[in-house]
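The structure appears right after this line, and notes come after that.
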Amino acid sequence: MPASPGPRARSLSYPLYALGLLTAINILSFVNRNVIFALFEAIERDLGLRDADAGWLAAAYVLMFSLAALPLGVLSDLRSRRAVLAWGVAGWSTFTILGALVQGFWQLFFCRAAVGIGGAAAAAAAAALVADFFPGPRRALAMGIYMSGIALGGVLGLVLGGELQAVYGWRLAFVAVGLPGLLIALLAARLVDPTKSRPSLTVRQYLRELELGVSALVRACFPVMLATVVGAIVAFFLDRRYGAASDRDVAAFSLTAGLGLALNIWYWVRQSRRQPGLLGAGVVESAVEEMVRGGRAVLRTPTLVYVFLGGALISFGMNGLVGWAPTFMSRELGLSVAMATRTLGRWGLLMGIAGTLVGGSLADWLRRYTPMARVLTVATGFLIGGPLALWLLTIRDFDLFQPVFCAAFFFLSWYSGPIAAVIFDVVPARIGATVVGAYLLFIHLAGDSIAFPLVGALSDRFGIDRAVFLLPIAGILGGLVVLGAARTVAGDMDRALSTTAEWEARVLSGR
């Protein structure tokens with residue numbers, strides 16, 4: 001039976017503190033993710049790269065974020081959400097800073113990939129903690145506040161990147177945005193899980209809490225580590241053979257790393273029967289069971305199918321727009337990168353936060369009248385904001401560009417809180433982080449990991465002015481797909497509540 005939450009977790013003030021800390025973590029996560037977009041032009045100049053290469057640098061984060069999200073979400077559910085959260089924040093901060101030391105494409109690719117793993121560790125655990133602290137009718141608003149970090153952090157990353165690059169250069173920009181995360185990681189390590197009450201832990205005790213020793217961790221993850229090394233070697237020779245103009249090297253590395261992860265999962269299943277202590281007693285078997293349970297929950301829940309498919313299209317469009325916006329504004333509006341990011345920051349911060357909070361509040365208010373409220377809010381935001389974004393991309397008058405940008409970004413920001421709340425509404429609470437991990441894996445692999453290099457390649461061929469039109473179209477389609485969940489969400493919510501009640505009854509009865 002889970003431990004009773006401590007008095008701090010039960011009080012009104014502590015959930016608000018936790019929400020503030022988790023929102024700050026989400027902000028920093030997207031600052032570290034998006035800062036590179038404001039540095040594309042400087043990095044391309046310094047390292048001799050093309051737009052397609054810059055797109056792959058963005059995709060490196062997304063690919064590893066996607067691959068790591070599900071297993072780290074499972075680990076959060078099975079062991080310790082706060083430990084996974086704290087290690088993730090420390091990890092992405094460290095590798096953002098190390099990005100300042102690189103001398104070539106592959107070194108920076110590796111650093112950005114590692115930042116993605118840290119982001120994945122924090123994302124599922126943090127979202128599940130917010131849902132645990134704020135169950136019931138306030139969940140969409142709480143998730144909206146947490147998800148406002150996407151808009152706030154994403155735009156801050158662009159602004160800080162542009163300003164710091166203009167004054168100090170792109171290398172110091174990486175250092176400046178990476179350092180705060182090391183302090184935040186210490187605060188995350190002391191966070192109280194509302195479902196568990198445990199004292200603060202040392203670093204060594206955190207490894208014990210996860211039941212992972214260093215040597216055991218190396219043995220358990222050897223296949224994926226080996227595949228990563230082999231992929232890097234293969235990519236090196238492909239780069240030498242076909243030159244920088246070929247994308248075969250990056251494709252080979254991504255494919256090899258993905259196969260390594262699949263092999264690692266098979267290895268865990270096989271070793272769990274021979275060495276139950278490999279990752280701690282029963283951890284591997286429980287992890288595999290949890291992944292299977294999460295997968296079944298998705299396939300058997302029609303609402304999640306709509307949300308996963310629509311979320312991938314939304315991720316393709318939204319993250320692609322944010323990533324390529326500074327380059328588009330610099331080239332098509334004749335602005336400096338610093339001026340472009342300053343404009344995005346001034347209005348993006350205001351409209352992004354306003355849109356996220358309005359979307360969450362609207363969804364919770366409408367929830368009083370219909371269980372479809374959160375789905376309808378997501379779809380409405382894209383059906384209004386998507387056409388505005390298409391119009392925006394045709395404008396070359398800066399005075400008109402700004403108000404249209406504000407309107408488009410306001411409506412396109414509605415979706416963040418409601419779509420996350422829908423996921424937690426329709427799955428049993430005990431597998432929430434696992435399903436969110438699966439969601440993050442799917443939407444990023446099928447969404448922005450494709451958008452960044454694809455738009456980069458199309459830009460090299462046809463120009464950035466034409467390539468970006470693909471992005472708002474994907475967002476509109478995503479809103480239409482999510483709208484399909486309006487027919488299924490009520491029934492799926494009832495099933496989730498029933499399943500959670502049955503599981504809690506079994507726990508209380510000791511079965």
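By convention here, the chains of the structure tokens are called A, B, ... in the order presented, each chain's residues are numbered starting at 1, and ligands are numbered starting at 1 in the order presented.
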- [ ] Find the spatial neighbours of stretch 402-413 of chain A, counting only C-alpha atoms, within a cut-off of 10 Å - ignore same-chain residues fewer than 6 positions away - and output them as number ranges by chain.
- [x] A: 144, 147-148, 150-151, 314, 318, 343-344, 346-360, 377-393, 395, 472, 475-476, 479
- [ ] For stretch 69-76 of chain A, list every protein, DNA or RNA residue within 6 Å, evaluated using only C-alpha atoms, and leave out those in the same chain fewer than 2 positions away; present the list as a VMD selection string.
- [x] chain A and resid 65 to 67 78 to 81 120 to 121 124 to 125 433 to 434 437 to 438 441
Restricting it to C-alpha atoms, dump the selection as an mmCIF file, in the first residue's frame.
data_model
loop_
_atom_site.group_PDB
_atom_site.id
_atom_site.type_symbol
_atom_site.label_atom_id
_atom_site.label_comp_id
_atom_site.auth_asym_id
_atom_site.auth_seq_id
_atom_site.Cartn_x
_atom_site.Cartn_y
_atom_site.Cartn_z
ATOM 1 C CA PHE A 65 13.805 12.736 -25.934
ATOM 2 C CA SER A 66 11.335 10.479 -27.713
ATOM 3 C CA LEU A 67 13.275 7.236 -27.241
ATOM 4 C CA LEU A 78 7.764 2.138 -10.578
ATOM 5 C CA ARG A 79 10.436 3.810 -8.452
ATOM 6 C CA SER A 80 10.776 7.524 -7.780
ATOM 7 C CA ARG A 81 9.398 10.437 -9.742
ATOM 8 C CA ALA A 120 12.620 13.249 -21.202
ATOM 9 C CA ALA A 121 13.534 12.249 -17.652
ATOM 10 C CA ALA A 124 6.845 12.576 -17.719
ATOM 11 C CA ALA A 125 7.711 12.663 -14.021
ATOM 12 C CA ALA A 433 3.645 8.754 -16.152
ATOM 13 C CA THR A 434 4.023 5.650 -18.326
ATOM 14 C CA GLY A 437 6.062 8.806 -21.651
ATOM 15 C CA ALA A 438 4.480 6.827 -24.480
ATOM 16 C CA LEU A 441 7.768 9.220 -27.482
#
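Shortest separation to A:Gly320 among A:Val192, A:Ala38, A:Leu47, A:Ile450 occurs at residue A:Ile450, atoms counted being only C-alpha atoms.
Around A:Arg50, within 10 Å and counting only C-alpha atoms, the residues found are Phe40, Glu41, Ile43, Glu44, Arg45, Leu47, Asp53, Ala54, Gly55, Trp56, Ala244, Ala245, Gly456, Ala457 and Asp460 of chain A, once anything fewer than 3 positions away on its own chain is removed.
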TODO: Between atom CA of A:Ser449 and atom CA of A:Arg396, measure the distance and give it in Å to one decimal.
DONE: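 Interatomic distance here is 28.4 Å.
For the choices A:Tyr369, A:Phe37, A:Phe442, A:Phe174, the atom-to-atom distance to A:Thr94 is smallest for A:Phe174 when using only C-alpha atoms.
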Task: Proximity to A:Thr23 - best of A:Leu49, A:Ala188, A:Leu183, A:Val155, only C-alpha atoms - done: A:Ala188
Task: Test item: residues at most 12 Å from A:Trp324, only C-alpha atoms, excluding those fewer than 5 positions along its chain, as a PyMOL selection string - done: chain A and resi 34-41+51-52+54-55+58+158+316-319+329-332+337+340-341+344+393+448+451-456+459+464-465+467-471
TODO: Please measure the separation of atom CA of A:Pro15 and atom CA of A:Phe134, giving the value in Å to one decimal.
DONE: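 Between these atoms lies a distance of 7.6 Å.
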- [ ] Quick one: pull the distance between atom CA of A:Gly20 and atom CA of A:Ala126, Å, one decimal.
- [x] 11.4 Å
Task: Spatial neighbours of A:Pro371, 9 Å, only C-alpha atoms, chain gap at least 6 places, as a list of chain:residue names - done: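 Contacts, with the query itself left out: A:Ala486, A:Val489, A:Ala490, A:Met493.
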Just-selected residues, C-alpha atoms written as a PDB file, in the first residue's frame:
ATOM      1  CA  ALA A 486     -15.283  14.282 -28.576  1.00  0.00           C
ATOM      2  CA  VAL A 489     -13.884  10.891 -24.079  1.00  0.00           C
ATOM      3  CA  ALA A 490     -16.872  10.542 -21.721  1.00  0.00           C
ATOM      4  CA  MET A 493     -13.189   8.775 -18.427  1.00  0.00           C
TER       5      MET A 493
END
TODO: Rank A:Leu141, A:Leu376, A:Ala24, A:Ala446 by their smallest atom-to-atom distance to A:Val62, using only C-alpha atoms, and report the top residue only.
DONE: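 That would be A:Ala446, the residue with the smallest distance to A:Val62.
Compared by their closest atoms to A:Ile473, and using only C-alpha atoms, the residues A:Phe237, A:Leu497, A:Ser361, A:Leu313 rank with A:Leu313 nearest.
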